[in-house]
Structure formats: C-alpha cells, structure tokens
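Reviewing the structure listed below.
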Protein chains: 2
Amino acid sequence: MFVEPEQRSSTVSTLGPMRSRSFQVGPDPAGTPPEAVGPRLSVDRIVDVAIDQMRAHGYDAVTMRSIARELGTGPASLYAHVANRDELDQRVVGRVCAQWHIPDPDPERWDTQVRESMIGLLTLFRANPGVARCTLGMVSLDAGLLQVTDRLLALLAAGGVSDQHAAWFIDVGCLYVASVAVEEDIWRERAAPPRPAGEERFAFGVELLVTGLRELAGD
Amino acid sequence: MFVEPEQRSSTVSTLGPMRSRSFQVGPDPAGTPPEAVGPRLSVDRIVDVAIDQMRAHGYDAVTMRSIARELGTGPASLYAHVANRDELDQRVVGRVCAQWHIPDPDPERWDTQVRESMIGLLTLFRANPGVARCTLGMVSLDAGLLQVTDRLLALLAAGGVSDQHAAWFIDVGCLYVASVAVEEDIWRERAAPPRPAGEERFAFGVELLVTGLRELAGD
DNA sequence: ACCTGAACACCGTTCAAGT
DNA sequence: ACCTGAACACCGTTCAAGT
C-alpha cells in the first residue's frame, strides 16, 4: 500500500517548489496581503490534498509524508498549519460534512426528511472514499458537524422530539452512517464486490432508528 | 505512549526464557505431545498478552513488538502463530466475545433479553478496555461472534423477527455497542471524566433500536 | 515446525536553523 | 511567521539462517 508517483489531474502537481510571487496575475492593489494570492502551504491546501489522496488511494495510503510530497516539501512543514494527524483528520471531516445538505423542516414529513438526510450523508461519504475512516478516531462526530447540527436539531424539533433525545439521535445516527461507510471502504480496498443487499441493509438500520424515534417521541 | 516495565500480576511475567519441560507436573502418559505442556509461544499466549496490555495501557500501546518483548522474544517470532496484526485483533475480539452470555429465549420478555444482552456486551468491553477498538478494522463484528450469533438469532426469532431482519439487527446493534465502548476508551485514555449522562445516552440508543425492531416485527 | 537476528521500508513528530 | 533538513523513536513485516 503506497502512493504512486501521482499523475493526478490539474493544477496541484504542476506547482513545483519554484512557484514564485512573480507568477501573480490580475490586479494587486496596494494593500493585498501575500496570503491572498496563495502561499505555498495552507490548511486548505493540506486538507485538499488529503481528501484527494484518500479518494484516489484509500485512507491508509495518506500520511503526513505523502501529503508533503505532493506539496513539494517535507513533512515537518505541515506542522506550521495543523497540530497533528488527529486535527488534520478532523478538518477533513469538517470540510466534507460542510457539503451536507439538510432541508428546511416540514412538520408534515419530518421523518422522511430525517431518512433522506441520513442517506445524504452516506452519499457524501461514498463520494469521498476514506473520509469516513477519519471519524473513527474522533470522540464524537459532532465536532466536525457543528455547522449542520443546528439544522438537524430543527428537523427533529419539528417532529416533536425533545432536545435531549434529538442530540442523542444525531449521535447514534451519524455513528451508524459512518460505520456503514467505513465497511464499504474496506470492501472496496480489498476489491471485494459490494455486499449484496447492502442498500436494503442500510435502509433497515435507518428504519430501525427513525421508527424507534417516532415511537419514543409519540408519548 | 509506551509500555512500562510491567509490574503486571501473576504467572506470565515470571515465565522467563528458562522455562523448561522439567517443570511439568501431573501425569504425562506415553504419547503426550510436547505442545500439551506449553510451548514457549502459542496463539493463546499471544492473545492473552495482547488483551492484558490493552487493559493496562490502552489499544495504541499494544504492538507486535510490545507483545514479543513481554514474551521474551522478537516480533518475528509471532508470525509463526498469527498471520498479521489484523488476524491478532480478530482473535482478541473472538476471545473476549466468547464470554458473552446470551440467555435462553423467553418469548414473554424477548425484548428485555435483547436489551440486557446489549448491556452485557458493553459490560464486557468495559472490563477489557481497548478491545472494542479491535473491532473497528473488521469488516463486520460477526466474524468474531460466530459462537454467540446463533443464540442471538434464537432470541430474536422468539420475538417473531424474520431471519433477515435479525441478521441486520445484530449487525447494527453490535456496531452501536462497540462504537460506544470505543468512545469511552478514548475518553479514558485522555483522562477525561466519563461523559455525564453516558449511561442514559447508551440506554436511549438501545431503546431506539429495540423499539424500532418491535414495531417493524409487529406487522 | 518453530524460532531467531537483522534488515527493509516505512511512520508521526520534534527541533535547531534558516528566511 | 513560515518553512526546512535531519534526526528520533518508533512501526509491521520479511527473510535467510538456525534448531
């Protein structure tokens, strides 16, 4: 399991160590700080590369060293931008989950909306193989989900779910989705065929949780 | 994160490399093969040490090298008994889950028995910190649970749950229990106080799953 | 068959030094 | 402040050699 020489797409790989300020294009009015035109390293660039490498080669192939290599530097340079590997993984989850769309609550069909949201998260993990594995080391998925937690809480509140139950449900639900995604990643890496009836199995788990919640909120 | 000199309990640490056949006690009739009296290394001894070290120092502190060190040999020696680290982790889970007690089905209160079984698994993981983390790399917990899966299926059958739903429920249920145990391990390793209301939170998840199952099995 | 020492090809992280 | 080379203290695994 190693990272190949990388004939990956576009821009990133063409940015060698010789990139300099003189390549600047467009207006550069008086006070534009240097960072605005793209410093060699940044948290965003590091997270970008981490996600790209996970998608291309799987979670295990991504290391501080492989990221640094692609950015044309040594591993030590990354530590000016992220504290350690754990923080990097957390930021990767944050970046991906920021794309998670949760609808405005419709009290008539809040449970369907919850089901759809959980499927949406799985879809996101499937589009970014390896990222789900980053969540396993985290104490709680919530840390990477601050942005969307409020919208999820609103959805559940529309169904009459108490704040406490809602918080616990989000915990359990995200844990379930992430676990399924991690399993799928492992199968994919072993080049095993996707488990038959995988979709039904996932739907059943979602159904268990939502039905349980509807029932418990009813009384 | 390193393994301390080990002032661990009883027998294991006193078995030095000088252990010899002459310590044999009891009858040794004609044909007893040498393995019967305890070879220096064996899968069981390796798994024993792995579990002991996880309990004492956490999952991350246990490596092929730390296990070999305690057994008075080098890491290469372990590979005569286990194929790799993944297989070792799987055997650790198998050993611990073999202690999982699942009651004979009582159709009157099958759902309570399911609840109690899930609490029983969490109790087992709590008694063996670090072991839950071994399950995360496994494709499915089932691999380490062959022994008890049949008894769980019987329990669910007594509640009128279909075989397919039962299999899926066991998957989801075990995944949930293991995830909660892993979270608790991480908190413990960070010396953080156990999350307040942790017990209630776990019970809520169990309740979601069992209520959902009862409802879905009802129709 | 079982065990070993030594090596291979890696890790994450630190640190003094440079700009 | 940001970046670097070199080093530290590890990993899992392999392999030729021993018994």
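Chain labels run A, B, ... following the order of the structure tokens; each chain numbers its residues from 1, and ligands are numbered from 1 in the order shown.
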Legend entry - Near-region 8-18 of chain D list (10 Å; only C-alpha atoms (C1' of nucleotides); drop same-chain fewer than 4 positions) as a list in words: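 So, after excluding close chain neighbours, the residues are Phe2, Thr63, Met64, Arg65, Pro75, Ala76, Tyr79, Asn84 and Arg85 of chain B; DC3, DT4, DG5, DA6, DA7, DC8, DA9, DC10, DC11, DG12, DT13 and DT14 of chain C.
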Inset, instruction - Could the residues of chain B within 8 Å of chain A, counting only C-alpha atoms, be given as a list in words, please? - result: Leu136, Val139, Ser140, His165, Trp168, Phe169, Val172, Leu175, Tyr176, Ser179, Glu183, Ile186, Trp187, Arg201, Phe204, Gly205, Glu207, Leu208, Leu209, Val210, Thr211, Gly212, Leu213, Glu215 and Leu216 of chain B
So that I have them on file, write out the residues from the current selection with C-alpha atoms, as a compact mmCIF listing (two decimals), in the first residue's frame.
```txt
# COMPACT_ATOMS: atom_id res chain seq x y z
CA LEU B 136 -13.20 -1.10 14.03
CA VAL B 139 -15.41 -5.84 8.07
CA SER B 140 -18.16 -6.96 10.38
CA HIS B 165 -34.15 -8.59 9.96
CA TRP B 168 -29.30 -6.94 10.18
CA PHE B 169 -30.30 -6.06 13.73
CA VAL B 172 -26.41 -2.69 13.74
CA LEU B 175 -21.81 -1.83 15.79
CA TYR B 176 -23.57 0.54 18.17
CA SER B 179 -18.83 2.39 18.98
CA GLU B 183 -15.68 6.39 22.67
CA ILE B 186 -10.80 7.33 24.13
CA TRP B 187 -12.13 9.43 26.98
CA ARG B 201 -27.41 8.07 26.34
CA PHE B 204 -31.55 5.63 24.65
CA GLY B 205 -29.73 4.16 21.66
CA GLU B 207 -34.22 1.77 23.19
CA LEU B 208 -34.32 3.27 19.70
CA LEU B 209 -33.12 0.03 18.16
CA VAL B 210 -35.30 -2.34 20.19
CA THR B 211 -38.42 -0.19 19.84
CA GLY B 212 -37.83 0.09 16.11
CA LEU B 213 -37.39 -3.64 15.86
CA GLU B 215 -42.51 -2.07 15.69
CA LEU B 216 -41.16 -3.44 12.42
```
After fit on chain B (all C-alpha, ordered pairs), chain A as a PDB file with C-alpha atoms, in the first residue's frame:
```pdb
ATOM      1  CA  MET A   1       2.499   6.289  24.902  1.00  0.00           C
ATOM      2  CA  PHE A   2       4.786   3.392  25.642  1.00  0.00           C
ATOM      3  CA  VAL A   3       4.701   0.151  27.521  1.00  0.00           C
ATOM      4  CA  GLU A   4       6.349   0.331  30.907  1.00  0.00           C
ATOM      5  CA  PRO A   5       8.810  -2.258  32.215  1.00  0.00           C
ATOM      6  CA  GLU A   6       5.828  -4.304  33.357  1.00  0.00           C
ATOM      7  CA  GLN A   7       5.523  -5.241  36.950  1.00  0.00           C
ATOM      8  CA  ARG A   8       2.366  -7.068  36.017  1.00  0.00           C
ATOM      9  CA  SER A   9       0.961  -9.862  38.093  1.00  0.00           C
ATOM     10  CA  SER A  10       1.608 -13.534  38.250  1.00  0.00           C
ATOM     11  CA  THR A  11       3.046 -16.185  36.073  1.00  0.00           C
ATOM     12  CA  VAL A  12       3.659 -14.717  32.665  1.00  0.00           C
ATOM     13  CA  SER A  13       6.411 -12.291  33.573  1.00  0.00           C
ATOM     14  CA  THR A  14       8.341 -14.937  35.487  1.00  0.00           C
ATOM     15  CA  LEU A  15       8.534 -17.216  32.487  1.00  0.00           C
ATOM     16  CA  GLY A  16      11.926 -16.294  31.132  1.00  0.00           C
ATOM     17  CA  PRO A  17      13.604 -17.625  28.031  1.00  0.00           C
ATOM     18  CA  MET A  18      15.202 -20.302  30.237  1.00  0.00           C
ATOM     19  CA  ARG A  19      11.919 -22.095  30.804  1.00  0.00           C
ATOM     20  CA  SER A  20      12.563 -25.713  29.942  1.00  0.00           C
ATOM     21  CA  ARG A  21      10.817 -29.039  29.744  1.00  0.00           C
ATOM     22  CA  SER A  22      12.550 -30.134  32.976  1.00  0.00           C
ATOM     23  CA  PHE A  23      10.213 -27.918  34.993  1.00  0.00           C
ATOM     24  CA  GLN A  24       7.383 -30.232  33.993  1.00  0.00           C
ATOM     25  CA  VAL A  25       5.258 -31.316  36.925  1.00  0.00           C
ATOM     26  CA  GLY A  26       2.625 -34.024  37.315  1.00  0.00           C
ATOM     27  CA  PRO A  27       2.190 -37.194  35.327  1.00  0.00           C
ATOM     28  CA  ASP A  28       3.520 -37.377  31.823  1.00  0.00           C
ATOM     29  CA  PRO A  29       2.260 -40.686  30.493  1.00  0.00           C
ATOM     30  CA  ALA A  30       3.838 -42.201  27.461  1.00  0.00           C
ATOM     31  CA  GLY A  31       2.273 -40.315  24.557  1.00  0.00           C
ATOM     32  CA  THR A  32       1.703 -36.785  25.886  1.00  0.00           C
ATOM     33  CA  PRO A  33       2.705 -34.449  23.076  1.00  0.00           C
ATOM     34  CA  PRO A  34       5.014 -31.586  24.053  1.00  0.00           C
ATOM     35  CA  GLU A  35       2.372 -28.919  23.322  1.00  0.00           C
ATOM     36  CA  ALA A  36       0.215 -30.230  26.149  1.00  0.00           C
ATOM     37  CA  VAL A  37       2.653 -28.965  28.767  1.00  0.00           C
ATOM     38  CA  GLY A  38       2.902 -25.513  27.305  1.00  0.00           C
ATOM     39  CA  PRO A  39       5.123 -24.550  24.401  1.00  0.00           C
ATOM     40  CA  ARG A  40       6.891 -21.220  24.688  1.00  0.00           C
ATOM     41  CA  LEU A  41       4.540 -19.600  22.226  1.00  0.00           C
ATOM     42  CA  SER A  42       0.966 -20.267  21.185  1.00  0.00           C
ATOM     43  CA  VAL A  43      -1.977 -18.352  19.807  1.00  0.00           C
ATOM     44  CA  ASP A  44      -3.662 -18.484  23.194  1.00  0.00           C
ATOM     45  CA  ARG A  45      -0.667 -17.060  25.026  1.00  0.00           C
ATOM     46  CA  ILE A  46      -0.260 -14.296  22.442  1.00  0.00           C
ATOM     47  CA  VAL A  47      -3.937 -13.355  22.700  1.00  0.00           C
ATOM     48  CA  ASP A  48      -3.717 -13.466  26.513  1.00  0.00           C
ATOM     49  CA  VAL A  49      -0.851 -10.998  26.542  1.00  0.00           C
ATOM     50  CA  ALA A  50      -2.527  -8.737  23.985  1.00  0.00           C
ATOM     51  CA  ILE A  51      -5.692  -8.487  26.088  1.00  0.00           C
ATOM     52  CA  ASP A  52      -3.740  -7.948  29.315  1.00  0.00           C
ATOM     53  CA  GLN A  53      -1.705  -5.154  27.759  1.00  0.00           C
ATOM     54  CA  MET A  54      -4.784  -3.474  26.317  1.00  0.00           C
ATOM     55  CA  ARG A  55      -6.450  -3.519  29.720  1.00  0.00           C
ATOM     56  CA  ALA A  56      -3.343  -2.097  31.375  1.00  0.00           C
ATOM     57  CA  HIS A  57      -2.181   0.490  28.831  1.00  0.00           C
ATOM     58  CA  GLY A  58      -4.834   0.907  26.144  1.00  0.00           C
ATOM     59  CA  TYR A  59      -5.130  -0.265  22.551  1.00  0.00           C
ATOM     60  CA  ASP A  60      -2.445   1.980  21.088  1.00  0.00           C
ATOM     61  CA  ALA A  61       0.227   0.698  23.467  1.00  0.00           C
ATOM     62  CA  VAL A  62      -0.124  -2.863  22.194  1.00  0.00           C
ATOM     63  CA  THR A  63       2.124  -3.776  19.272  1.00  0.00           C
ATOM     64  CA  MET A  64       3.594  -6.968  17.913  1.00  0.00           C
ATOM     65  CA  ARG A  65       6.813  -5.832  19.546  1.00  0.00           C
ATOM     66  CA  SER A  66       5.329  -5.159  22.980  1.00  0.00           C
ATOM     67  CA  ILE A  67       3.670  -8.576  22.984  1.00  0.00           C
ATOM     68  CA  ALA A  68       6.895 -10.290  21.924  1.00  0.00           C
ATOM     69  CA  ARG A  69       8.862  -8.399  24.581  1.00  0.00           C
ATOM     70  CA  GLU A  70       6.575  -9.695  27.313  1.00  0.00           C
ATOM     71  CA  LEU A  71       6.934 -13.215  25.974  1.00  0.00           C
ATOM     72  CA  GLY A  72      10.698 -12.895  25.993  1.00  0.00           C
ATOM     73  CA  THR A  73      11.222 -13.086  22.264  1.00  0.00           C
ATOM     74  CA  GLY A  74      11.307 -10.980  19.100  1.00  0.00           C
ATOM     75  CA  PRO A  75       8.343  -9.849  17.016  1.00  0.00           C
ATOM     76  CA  ALA A  76       9.139 -12.225  14.175  1.00  0.00           C
ATOM     77  CA  SER A  77       8.363 -15.211  16.386  1.00  0.00           C
ATOM     78  CA  LEU A  78       4.701 -14.279  16.609  1.00  0.00           C
ATOM     79  CA  TYR A  79       4.200 -14.801  12.891  1.00  0.00           C
ATOM     80  CA  ALA A  80       4.462 -18.558  13.309  1.00  0.00           C
ATOM     81  CA  HIS A  81       1.127 -18.371  15.159  1.00  0.00           C
ATOM     82  CA  VAL A  82      -0.811 -15.439  13.721  1.00  0.00           C
ATOM     83  CA  ALA A  83      -0.789 -14.237  10.140  1.00  0.00           C
ATOM     84  CA  ASN A  84      -0.690 -10.526  10.973  1.00  0.00           C
ATOM     85  CA  ARG A  85      -1.958  -7.807  13.242  1.00  0.00           C
ATOM     86  CA  ASP A  86      -5.482  -7.911  11.798  1.00  0.00           C
ATOM     87  CA  GLU A  87      -5.847 -11.598  12.585  1.00  0.00           C
ATOM     88  CA  LEU A  88      -4.564 -11.017  16.097  1.00  0.00           C
ATOM     89  CA  ASP A  89      -7.159  -8.278  16.679  1.00  0.00           C
ATOM     90  CA  GLN A  90      -9.859 -10.578  15.370  1.00  0.00           C
ATOM     91  CA  ARG A  91      -8.822 -13.335  17.753  1.00  0.00           C
ATOM     92  CA  VAL A  92      -8.806 -10.879  20.641  1.00  0.00           C
ATOM     93  CA  VAL A  93     -12.414  -9.962  19.858  1.00  0.00           C
ATOM     94  CA  GLY A  94     -13.307 -13.623  19.512  1.00  0.00           C
ATOM     95  CA  ARG A  95     -11.807 -14.482  22.886  1.00  0.00           C
ATOM     96  CA  VAL A  96     -13.649 -11.688  24.698  1.00  0.00           C
ATOM     97  CA  CYS A  97     -16.972 -12.171  22.937  1.00  0.00           C
ATOM     98  CA  ALA A  98     -16.901 -15.894  23.748  1.00  0.00           C
ATOM     99  CA  GLN A  99     -17.753 -14.779  27.300  1.00  0.00           C
ATOM    100  CA  TRP A 100     -20.876 -12.997  26.079  1.00  0.00           C
ATOM    101  CA  HIS A 101     -23.892 -14.608  27.706  1.00  0.00           C
ATOM    102  CA  ILE A 102     -27.176 -14.599  25.820  1.00  0.00           C
ATOM    103  CA  PRO A 103     -30.207 -16.092  27.602  1.00  0.00           C
ATOM    104  CA  ASP A 104     -32.520 -18.811  26.355  1.00  0.00           C
ATOM    105  CA  PRO A 105     -35.437 -17.137  24.581  1.00  0.00           C
ATOM    106  CA  ASP A 106     -38.508 -16.243  26.599  1.00  0.00           C
ATOM    107  CA  PRO A 107     -41.181 -15.125  24.078  1.00  0.00           C
ATOM    108  CA  GLU A 108     -42.956 -13.153  26.824  1.00  0.00           C
ATOM    109  CA  ARG A 109     -40.067 -10.752  27.262  1.00  0.00           C
ATOM    110  CA  TRP A 110     -37.803 -11.221  24.257  1.00  0.00           C
ATOM    111  CA  ASP A 111     -37.315  -7.463  23.841  1.00  0.00           C
ATOM    112  CA  THR A 112     -36.094  -7.093  27.404  1.00  0.00           C
ATOM    113  CA  GLN A 113     -33.715  -9.951  26.781  1.00  0.00           C
ATOM    114  CA  VAL A 114     -32.361  -8.163  23.711  1.00  0.00           C
ATOM    115  CA  ARG A 115     -31.851  -4.978  25.723  1.00  0.00           C
ATOM    116  CA  GLU A 116     -30.082  -6.926  28.452  1.00  0.00           C
ATOM    117  CA  SER A 117     -27.868  -8.673  25.931  1.00  0.00           C
ATOM    118  CA  MET A 118     -26.709  -5.375  24.474  1.00  0.00           C
ATOM    119  CA  ILE A 119     -25.930  -4.063  27.954  1.00  0.00           C
ATOM    120  CA  GLY A 120     -24.068  -7.316  28.572  1.00  0.00           C
ATOM    121  CA  LEU A 121     -21.830  -6.719  25.570  1.00  0.00           C
ATOM    122  CA  LEU A 122     -21.052  -3.187  26.719  1.00  0.00           C
ATOM    123  CA  THR A 123     -20.209  -4.552  30.171  1.00  0.00           C
ATOM    124  CA  LEU A 124     -17.804  -6.997  28.553  1.00  0.00           C
ATOM    125  CA  PHE A 125     -16.078  -4.231  26.583  1.00  0.00           C
ATOM    126  CA  ARG A 126     -15.865  -2.114  29.735  1.00  0.00           C
ATOM    127  CA  ALA A 127     -14.189  -4.988  31.575  1.00  0.00           C
ATOM    128  CA  ASN A 128     -11.657  -5.231  28.736  1.00  0.00           C
ATOM    129  CA  PRO A 129     -10.691  -1.681  27.754  1.00  0.00           C
ATOM    130  CA  GLY A 130      -9.129  -1.394  24.335  1.00  0.00           C
ATOM    131  CA  VAL A 131     -10.721  -4.533  22.951  1.00  0.00           C
ATOM    132  CA  ALA A 132     -13.632  -2.635  21.390  1.00  0.00           C
ATOM    133  CA  ARG A 133     -11.117  -0.770  19.250  1.00  0.00           C
ATOM    134  CA  CYS A 134     -10.103  -4.074  17.647  1.00  0.00           C
ATOM    135  CA  THR A 135     -13.543  -4.330  16.092  1.00  0.00           C
ATOM    136  CA  LEU A 136     -13.228  -1.094  14.116  1.00  0.00           C
ATOM    137  CA  GLY A 137     -10.927  -2.567  11.507  1.00  0.00           C
ATOM    138  CA  MET A 138     -13.072  -5.635  11.052  1.00  0.00           C
ATOM    139  CA  VAL A 139     -15.433  -5.794   8.101  1.00  0.00           C
ATOM    140  CA  SER A 140     -18.200  -6.908  10.387  1.00  0.00           C
ATOM    141  CA  LEU A 141     -18.295  -7.757  14.052  1.00  0.00           C
ATOM    142  CA  ASP A 142     -19.961 -11.032  13.105  1.00  0.00           C
ATOM    143  CA  ALA A 143     -16.631 -12.627  12.320  1.00  0.00           C
ATOM    144  CA  GLY A 144     -15.691 -12.626  15.993  1.00  0.00           C
ATOM    145  CA  LEU A 145     -19.162 -13.553  17.090  1.00  0.00           C
ATOM    146  CA  LEU A 146     -19.912 -16.782  15.297  1.00  0.00           C
ATOM    147  CA  GLN A 147     -20.423 -18.543  18.588  1.00  0.00           C
ATOM    148  CA  VAL A 148     -23.125 -16.260  19.924  1.00  0.00           C
ATOM    149  CA  THR A 149     -24.851 -15.220  16.712  1.00  0.00           C
ATOM    150  CA  ASP A 150     -27.006 -18.336  16.767  1.00  0.00           C
ATOM    151  CA  ARG A 151     -28.291 -17.567  20.255  1.00  0.00           C
ATOM    152  CA  LEU A 152     -29.046 -13.973  19.279  1.00  0.00           C
ATOM    153  CA  LEU A 153     -30.932 -15.141  16.212  1.00  0.00           C
ATOM    154  CA  ALA A 154     -32.993 -17.476  18.426  1.00  0.00           C
ATOM    155  CA  LEU A 155     -33.830 -14.566  20.712  1.00  0.00           C
ATOM    156  CA  LEU A 156     -35.060 -12.441  17.838  1.00  0.00           C
ATOM    157  CA  ALA A 157     -36.936 -15.314  16.244  1.00  0.00           C
ATOM    158  CA  ALA A 158     -38.868 -15.647  19.512  1.00  0.00           C
ATOM    159  CA  GLY A 159     -40.043 -12.069  18.913  1.00  0.00           C
ATOM    160  CA  GLY A 160     -41.275 -12.863  15.441  1.00  0.00           C
ATOM    161  CA  VAL A 161     -38.425 -11.048  13.713  1.00  0.00           C
ATOM    162  CA  SER A 162     -37.608 -12.380  10.264  1.00  0.00           C
ATOM    163  CA  ASP A 163     -34.206 -13.941   9.648  1.00  0.00           C
ATOM    164  CA  GLN A 164     -33.156 -11.109   7.362  1.00  0.00           C
ATOM    165  CA  HIS A 165     -34.193  -8.391   9.796  1.00  0.00           C
ATOM    166  CA  ALA A 166     -32.572 -10.295  12.665  1.00  0.00           C
ATOM    167  CA  ALA A 167     -29.247 -10.496  10.868  1.00  0.00           C
ATOM    168  CA  TRP A 168     -29.327  -6.783  10.066  1.00  0.00           C
ATOM    169  CA  PHE A 169     -30.343  -5.910  13.610  1.00  0.00           C
ATOM    170  CA  ILE A 170     -27.423  -7.851  15.067  1.00  0.00           C
ATOM    171  CA  ASP A 171     -25.115  -5.965  12.702  1.00  0.00           C
ATOM    172  CA  VAL A 172     -26.435  -2.556  13.690  1.00  0.00           C
ATOM    173  CA  GLY A 173     -26.739  -3.382  17.377  1.00  0.00           C
ATOM    174  CA  CYS A 174     -23.196  -4.696  17.757  1.00  0.00           C
ATOM    175  CA  LEU A 175     -21.851  -1.766  15.784  1.00  0.00           C
ATOM    176  CA  TYR A 176     -23.605   0.611  18.150  1.00  0.00           C
ATOM    177  CA  VAL A 177     -22.384  -1.069  21.315  1.00  0.00           C
ATOM    178  CA  ALA A 178     -18.809  -1.237  20.033  1.00  0.00           C
ATOM    179  CA  SER A 179     -18.855   2.420  19.011  1.00  0.00           C
ATOM    180  CA  VAL A 180     -19.990   3.516  22.452  1.00  0.00           C
ATOM    181  CA  ALA A 181     -17.288   1.371  24.055  1.00  0.00           C
ATOM    182  CA  VAL A 182     -14.616   2.875  21.806  1.00  0.00           C
ATOM    183  CA  GLU A 183     -15.695   6.380  22.764  1.00  0.00           C
ATOM    184  CA  GLU A 184     -15.465   5.472  26.430  1.00  0.00           C
ATOM    185  CA  ASP A 185     -11.984   4.038  25.895  1.00  0.00           C
ATOM    186  CA  ILE A 186     -10.832   7.263  24.262  1.00  0.00           C
ATOM    187  CA  TRP A 187     -12.165   9.361  27.123  1.00  0.00           C
ATOM    188  CA  ARG A 188     -10.496   7.067  29.635  1.00  0.00           C
ATOM    189  CA  GLU A 189      -7.156   7.294  27.828  1.00  0.00           C
ATOM    190  CA  ARG A 190      -7.369  11.080  27.822  1.00  0.00           C
ATOM    191  CA  ALA A 191      -8.106  10.855  31.544  1.00  0.00           C
ATOM    192  CA  ALA A 192     -11.230  12.865  30.882  1.00  0.00           C
ATOM    193  CA  PRO A 193     -14.108  12.310  33.277  1.00  0.00           C
ATOM    194  CA  PRO A 194     -16.704   9.908  31.898  1.00  0.00           C
ATOM    195  CA  ARG A 195     -19.299  11.871  29.945  1.00  0.00           C
ATOM    196  CA  PRO A 196     -22.223  12.850  32.166  1.00  0.00           C
ATOM    197  CA  ALA A 197     -25.456  11.041  31.364  1.00  0.00           C
ATOM    198  CA  GLY A 198     -23.433   8.470  29.407  1.00  0.00           C
ATOM    199  CA  GLU A 199     -25.564   5.664  30.736  1.00  0.00           C
ATOM    200  CA  GLU A 200     -28.813   7.344  29.758  1.00  0.00           C
ATOM    201  CA  ARG A 201     -27.454   8.144  26.337  1.00  0.00           C
ATOM    202  CA  PHE A 202     -26.520   4.507  25.735  1.00  0.00           C
ATOM    203  CA  ALA A 203     -29.901   3.326  26.967  1.00  0.00           C
ATOM    204  CA  PHE A 204     -31.608   5.728  24.587  1.00  0.00           C
ATOM    205  CA  GLY A 205     -29.766   4.267  21.613  1.00  0.00           C
ATOM    206  CA  VAL A 206     -30.699   0.751  22.685  1.00  0.00           C
ATOM    207  CA  GLU A 207     -34.285   1.898  23.082  1.00  0.00           C
ATOM    208  CA  LEU A 208     -34.333   3.421  19.595  1.00  0.00           C
ATOM    209  CA  LEU A 209     -33.151   0.171  18.055  1.00  0.00           C
ATOM    210  CA  VAL A 210     -35.380  -2.173  20.038  1.00  0.00           C
ATOM    211  CA  THR A 211     -38.468  -0.014  19.678  1.00  0.00           C
ATOM    212  CA  GLY A 212     -37.842   0.299  15.961  1.00  0.00           C
ATOM    213  CA  LEU A 213     -37.433  -3.455  15.687  1.00  0.00           C
ATOM    214  CA  ARG A 214     -40.587  -4.200  17.691  1.00  0.00           C
ATOM    215  CA  GLU A 215     -42.535  -1.823  15.488  1.00  0.00           C
ATOM    216  CA  LEU A 216     -41.171  -3.184  12.218  1.00  0.00           C
ATOM    217  CA  ALA A 217     -41.725  -6.784  13.323  1.00  0.00           C
ATOM    218  CA  GLY A 218     -45.284  -6.011  14.334  1.00  0.00           C
ATOM    219  CA  ASP A 219     -46.659  -5.702  10.815  1.00  0.00           C
TER     220      ASP A 219
END
```
